[in-house]
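Structure file data-v3.cif (mmCIF, C-alpha atoms) is printed below.
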data_query
#
loop_
_atom_site.label_atom_id
_atom_site.label_comp_id
_atom_site.auth_asym_id
_atom_site.auth_seq_id
_atom_site.Cartn_x
_atom_site.Cartn_y
_atom_site.Cartn_z
CA MET A 1 176.07 102.76 134.73
CA SER A 2 174.67 105.74 136.63
CA ASP A 3 173.17 105.24 140.05
CA ALA A 4 170.27 102.81 139.75
CA ALA A 5 167.51 102.64 142.32
CA VAL A 6 163.91 101.64 142.97
CA ARG A 7 161.54 103.78 144.99
CA PRO A 8 157.80 104.00 145.67
CA ALA A 9 155.98 105.94 142.97
CA ASP A 10 154.50 109.35 143.72
CA LEU A 11 151.64 111.05 141.86
CA PRO A 12 154.05 113.11 139.71
CA ASP A 13 155.42 109.78 138.38
CA ALA A 14 152.09 108.92 136.70
CA ALA A 15 152.92 110.65 133.40
CA GLU A 16 156.31 108.95 133.15
CA ILE A 17 154.79 105.54 133.97
CA ALA A 18 152.22 106.12 131.20
CA ARG A 19 154.98 107.05 128.75
CA ILE A 20 156.96 103.93 129.62
CA GLN A 21 153.90 101.72 129.20
CA ARG A 22 153.05 103.20 125.79
CA GLU A 23 156.61 103.05 124.47
CA THR A 24 157.29 99.56 125.82
CA TRP A 25 154.04 98.09 124.55
CA HIS A 26 154.65 99.59 121.10
CA ALA A 27 158.23 98.30 121.00
CA ALA A 28 157.73 94.87 122.54
CA TYR A 29 154.08 93.81 122.30
CA GLU A 30 152.64 94.91 118.94
CA ASP A 31 152.84 91.38 117.56
CA LEU A 32 151.15 89.97 120.68
CA LEU A 33 148.44 92.61 121.18
CA GLY A 34 147.78 93.94 117.69
CA LYS A 35 147.59 97.48 116.35
CA GLN A 36 143.99 98.00 117.48
CA ALA A 37 144.82 97.36 121.15
CA LEU A 38 147.79 99.74 120.92
CA ALA A 39 145.63 102.42 119.28
CA GLU A 40 143.15 102.08 122.17
CA LEU A 41 146.03 102.36 124.62
CA ASP A 42 147.19 105.55 122.90
CA ALA A 43 143.68 107.03 123.19
CA THR A 44 143.45 106.28 126.92
CA ASP A 45 144.24 108.78 129.67
CA LEU A 46 146.97 106.53 131.02
CA ALA A 47 148.47 109.20 133.27
CA GLY A 48 145.10 109.60 135.00
CA THR A 49 144.73 105.85 135.34
CA TRP A 50 148.24 105.54 136.79
CA ALA A 51 147.58 108.39 139.24
CA GLU A 52 144.52 106.48 140.49
CA THR A 53 146.58 103.29 140.77
CA ILE A 54 149.34 105.03 142.73
CA ASP A 55 146.71 106.42 145.12
CA TYR A 56 144.72 103.17 145.44
CA PRO A 57 144.90 101.68 148.96
CA GLY A 58 146.90 98.45 149.03
CA SER A 59 148.50 99.08 145.65
CA LEU A 60 152.30 98.93 145.65
CA VAL A 61 153.69 100.95 142.75
CA TYR A 62 157.43 101.31 142.31
CA VAL A 63 159.60 103.06 139.74
CA ALA A 64 163.10 102.14 138.67
CA THR A 65 165.48 104.98 138.02
CA GLU A 66 168.90 105.32 136.53
CA GLY A 67 170.45 108.65 137.25
CA GLU A 68 167.78 111.25 136.52
CA TYR A 69 165.71 108.94 134.29
CA THR A 70 162.69 106.84 135.18
CA VAL A 71 163.29 103.59 133.27
CA GLY A 72 160.66 101.12 134.49
CA PHE A 73 157.88 100.41 136.93
CA CYS A 74 156.14 97.62 138.80
CA VAL A 75 152.67 97.31 140.30
CA ALA A 76 151.95 94.72 142.98
CA GLY A 77 149.34 93.98 145.60
CA ARG A 78 147.28 91.20 147.11
CA ALA A 79 146.07 88.80 144.43
CA PRO A 80 142.31 88.94 143.90
CA GLU A 81 140.61 85.54 144.14
CA GLY A 82 140.01 85.46 140.39
CA GLU A 83 143.74 85.81 139.72
CA VAL A 84 144.86 83.07 142.12
CA ALA A 85 142.02 80.55 141.55
CA ALA A 86 142.61 77.30 139.68
CA ALA A 87 140.99 76.83 136.28
CA ASP A 88 138.01 75.14 137.98
CA GLY A 89 137.53 78.15 140.29
CA SER A 90 138.85 76.48 143.41
CA LEU A 91 141.15 78.48 145.65
CA PRO A 92 144.48 77.26 147.02
CA GLU A 93 144.96 77.22 150.79
CA ASP A 94 147.26 80.24 150.57
CA ALA A 95 144.89 82.36 148.44
CA GLY A 96 144.61 84.98 151.18
CA THR A 97 148.38 85.42 151.36
CA THR A 98 149.23 85.39 147.66
CA GLY A 99 150.63 88.54 146.11
CA LEU A 100 150.25 89.59 142.48
CA ILE A 101 152.83 91.26 140.30
CA ALA A 102 150.26 92.97 138.09
CA THR A 103 152.72 94.75 135.82
CA LEU A 104 156.49 94.91 135.54
CA LEU A 105 157.91 96.88 132.62
CA VAL A 106 161.34 98.26 131.82
CA GLU A 107 161.86 100.33 128.70
CA PRO A 108 163.70 98.13 126.20
CA ARG A 109 166.55 100.63 125.79
CA TRP A 110 167.24 100.30 129.54
CA GLY A 111 167.03 96.51 129.56
CA ARG A 112 169.67 94.09 130.79
CA ARG A 113 170.90 96.51 133.45
CA GLY A 114 169.24 94.88 136.47
CA HIS A 115 166.22 97.19 136.69
CA ALA A 116 163.62 94.41 136.37
CA GLY A 117 165.34 92.36 139.07
CA ARG A 118 165.46 95.33 141.43
CA LEU A 119 161.79 96.07 140.76
CA LEU A 120 160.73 92.46 141.39
CA ALA A 121 162.84 92.16 144.56
CA THR A 122 161.46 95.45 145.91
CA ALA A 123 157.86 94.49 145.10
CA ALA A 124 158.41 91.07 146.70
CA ALA A 125 159.69 92.75 149.88
CA GLY A 126 156.65 95.04 149.91
CA LEU A 127 154.31 92.07 149.48
CA ARG A 128 156.08 90.16 152.29
CA ALA A 129 155.74 93.20 154.56
CA ASP A 130 152.01 93.14 153.75
CA GLY A 131 151.78 89.48 154.83
CA ALA A 132 152.01 87.76 151.45
CA THR A 133 153.81 84.41 151.36
CA ARG A 134 153.88 83.64 147.63
CA GLY A 135 153.71 85.59 144.40
CA ILE A 136 152.05 85.15 141.03
CA ALA A 137 152.30 86.95 137.71
CA TRP A 138 150.55 86.51 134.37
CA VAL A 139 152.80 86.63 131.29
CA ALA A 140 151.92 86.34 127.62
CA GLN A 141 152.92 82.90 126.38
CA GLY A 142 154.78 84.51 123.48
CA ASP A 143 156.72 86.96 125.67
CA HIS A 144 159.88 84.90 125.87
CA ALA A 145 161.94 87.69 127.45
CA SER A 146 159.56 88.09 130.41
CA LEU A 147 159.11 84.34 130.81
CA GLY A 148 162.89 83.92 130.91
CA PHE A 149 163.26 86.75 133.42
CA TYR A 150 160.72 85.24 135.84
CA ARG A 151 162.22 81.76 135.45
CA ARG A 152 165.68 83.13 136.31
CA ALA A 153 164.07 84.61 139.45
CA GLY A 154 162.80 81.13 140.36
CA TRP A 155 159.20 81.66 139.26
CA ASN A 156 157.69 78.95 137.08
CA PRO A 157 154.41 78.20 135.31
CA ASP A 158 151.88 76.55 137.63
CA GLY A 159 149.84 75.01 134.81
CA THR A 160 147.10 77.67 134.75
CA VAL A 161 146.47 79.55 131.50
CA ARG A 162 143.94 82.13 130.40
CA THR A 163 143.03 83.71 127.09
CA LEU A 164 142.33 87.42 126.72
CA ASP A 165 140.63 89.04 123.75
CA THR A 166 142.57 92.11 122.59
CA GLY A 167 139.86 93.02 120.08
CA GLU A 168 142.10 91.94 117.21
CA ARG A 169 143.44 88.61 118.41
CA MET A 170 143.41 86.25 121.34
CA LEU A 171 146.30 86.52 123.80
CA ARG A 172 147.20 83.43 125.78
CA GLU A 173 148.80 84.04 129.18
CA VAL A 174 150.44 81.62 131.58
CA ARG A 175 150.46 82.10 135.32
CA LEU A 176 153.84 81.96 137.02
CA THR A 177 154.34 81.48 140.72
CA GLY A 178 157.33 81.84 142.97
CA THR A 179 158.86 82.84 146.21
CA LEU A 180 158.79 86.35 147.61
CA ALA A 181 162.09 85.70 149.39
CA LEU A 182 164.04 87.45 146.63
CA SER A 183 167.13 89.51 147.10
CA LEU A 184 169.54 91.30 144.85
CA ALA A 185 172.68 89.30 144.19
#
Step by step, read the file and then write its structure as structure tokens.
Amino acid sequence: MSDAAVRPADLPDAAEIARIQRETWHAAYEDLLGKQALAELDATDLAGTWAETIDYPGSLVYVATEGEYTVGFCVAGRAPEGEVAAADGSLPEDAGTTGLIATLLVEPRWGRRGHAGRLLATAAAGLRADGATRGIAWVAQGDHASLGFYRRAGWNPDGTVRTLDTGERMLREVRLTGTLALSLA
């Protein structure tokens, strides 16, 4: 394997992040999201959206690279109250110090090479540096690869679920929670 690394994203990375999102969603999530949601994704100015995200204060955006290629990305930050609240709307005591892994994607052709683990560990370190004490992530219930990845990292479902309307079908997500004290083995 070529040199693999994770680094903070810069504005010029926005187009590559958009490409990775499109290609990964088409390859891995068509059955979960539906063709209509993917068509809407294709019609969106994703590079512009990602440039705004990279520039947004408090947003931690990282890219994984292997050699000269950008192969994945992760977005993290403080969890908004709506993301960390229980189903009844109540907030846990640590709501103010909970971090959110909003997105973590690695192109399928670059999978199983440690990129996702490096992205999660780097994002966890960034969240800890920002004062977060625990992390959460939402994962589609049918995304067995991502669920397995987070479980191997020690993150587990906390019993909270939500349903999102993709315009074509309903997508059920489970919330996972875990430690931010992650390191690369």
Residues within 6 Å of Val174 in chain A, all atoms listed in the file, excluding chain neighbours under 4 positions, as a PyMOL selection string: chain A and resi 138-139+141+161
Ground truth for the PyMOL selection byres ((chain A and resi 93-100) around 6), written as a PyMOL selection string: chain A and resi 76-79+92+101-102+132-137
Explicit residue set for the PyMOL selection byres ((chain A and resi 117) around 10), as a VMD selection string: chain A and resid 104 112 to 116 118 to 123 149 to 150 152 to 153 182 to 185
Residues matched by the PyMOL selection byres ((chain A and resi 51-53) around 10), written as a count of residues only: 23
Residue among A:Asp88, A:Glu83, A:Asp3, A:Glu30 lying closest to Tyr69 in chain A, counting all atoms listed in the file: A:Asp3
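Here CA of Ala140 in chain A and CA of Trp110 in chain A stand 20.8 Å from one another.
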Assuming 8 Å of padding per side, give the centre and edge lengths of the axis-aligned box around every listed atom of range 173-183 of chain A, in Å to one decimal and as AutoDock Vina command-line options.
--center_x 158.0 --center_y 85.5 --center_z 139.3 --size_x 34.3 --size_y 24.0 --size_z 36.2
Contacts of Asp143 in chain A within 9 Å, only C-alpha atoms, excl. fewer than 5 positions in-chain, as a PyMOL selection string: chain A and resi 28-29+32+148
Could you add all heavy atoms to range 33-44 of chain A and give me the result as a CSV table (one decimal), keeping the file's coordinate frame?
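Listing of rebuild28.csv after writing:
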chain,number,residue,atom,x,y,z
A,33,LEU,N,149.7,91.9,120.9
A,33,LEU,CA,148.4,92.6,121.2
A,33,LEU,C,147.7,93.0,119.9
A,33,LEU,O,146.5,93.1,119.9
A,33,LEU,CB,148.7,93.8,122.1
A,33,LEU,CG,149.3,93.6,123.4
A,33,LEU,CD1,149.7,94.9,124.1
A,33,LEU,CD2,148.4,92.8,124.3
A,34,GLY,N,148.4,93.4,118.9
A,34,GLY,CA,147.8,93.9,117.7
A,34,GLY,C,147.7,95.5,117.7
A,34,GLY,O,147.7,96.1,118.8
A,35,LYS,N,147.6,96.0,116.5
A,35,LYS,CA,147.6,97.5,116.4
A,35,LYS,C,146.4,98.1,117.0
A,35,LYS,O,146.4,99.2,117.5
A,35,LYS,CB,147.7,97.8,114.9
A,35,LYS,CG,149.0,97.5,114.3
A,35,LYS,CD,149.1,97.8,112.8
A,35,LYS,CE,150.4,97.2,112.3
A,35,LYS,NZ,151.3,98.2,111.7
A,36,GLN,N,145.2,97.4,116.9
A,36,GLN,CA,144.0,98.0,117.5
A,36,GLN,C,144.1,98.2,119.0
A,36,GLN,O,143.7,99.3,119.5
A,36,GLN,CB,142.8,97.1,117.2
A,36,GLN,CG,141.5,97.5,117.8
A,36,GLN,CD,140.4,96.6,117.5
A,36,GLN,OE1,140.4,95.7,116.6
A,36,GLN,NE2,139.3,96.7,118.3
A,37,ALA,N,144.7,97.2,119.7
A,37,ALA,CA,144.8,97.4,121.2
A,37,ALA,C,145.8,98.5,121.5
A,37,ALA,O,145.6,99.2,122.4
A,37,ALA,CB,145.3,96.0,121.8
A,38,LEU,N,146.8,98.6,120.7
A,38,LEU,CA,147.8,99.7,120.9
A,38,LEU,C,147.2,101.1,120.6
A,38,LEU,O,147.4,102.1,121.3
A,38,LEU,CB,149.1,99.5,120.1
A,38,LEU,CG,149.9,98.3,120.6
A,38,LEU,CD1,151.1,98.1,119.7
A,38,LEU,CD2,150.3,98.4,122.0
A,39,ALA,N,146.3,101.2,119.6
A,39,ALA,CA,145.6,102.4,119.3
A,39,ALA,C,144.7,102.8,120.4
A,39,ALA,O,144.6,104.0,120.8
A,39,ALA,CB,144.9,102.3,118.0
A,40,GLU,N,144.0,101.8,121.0
A,40,GLU,CA,143.2,102.1,122.2
A,40,GLU,C,144.0,102.5,123.4
A,40,GLU,O,143.6,103.4,124.1
A,40,GLU,CB,142.3,100.8,122.5
A,40,GLU,CG,141.2,100.5,121.5
A,40,GLU,CD,140.5,99.3,121.8
A,40,GLU,OE1,140.5,98.8,122.9
A,40,GLU,OE2,139.9,98.7,120.8
A,41,LEU,N,145.1,101.9,123.5
A,41,LEU,CA,146.0,102.4,124.6
A,41,LEU,C,146.4,103.8,124.4
A,41,LEU,O,146.4,104.6,125.4
A,41,LEU,CB,147.3,101.5,124.7
A,41,LEU,CG,148.3,101.8,125.7
A,41,LEU,CD1,147.9,101.4,127.1
A,41,LEU,CD2,149.6,101.1,125.4
A,42,ASP,N,146.8,104.2,123.2
A,42,ASP,CA,147.2,105.6,122.9
A,42,ASP,C,146.1,106.6,123.2
A,42,ASP,O,146.3,107.7,123.5
A,42,ASP,CB,147.7,105.7,121.5
A,42,ASP,CG,149.0,105.0,121.2
A,42,ASP,OD1,149.7,104.7,122.2
A,42,ASP,OD2,149.3,104.7,120.1
A,43,ALA,N,144.8,106.1,123.0
A,43,ALA,CA,143.7,107.0,123.2
A,43,ALA,C,143.2,107.1,124.7
A,43,ALA,O,142.4,107.9,125.0
A,43,ALA,CB,142.5,106.6,122.3
A,44,THR,N,143.8,106.3,125.5
A,44,THR,CA,143.4,106.3,126.9
A,44,THR,C,144.2,107.3,127.7
A,44,THR,O,145.4,107.6,127.4
A,44,THR,CB,143.7,104.9,127.5
A,44,THR,OG1,143.0,103.9,126.7
A,44,THR,CG2,143.3,104.7,128.9
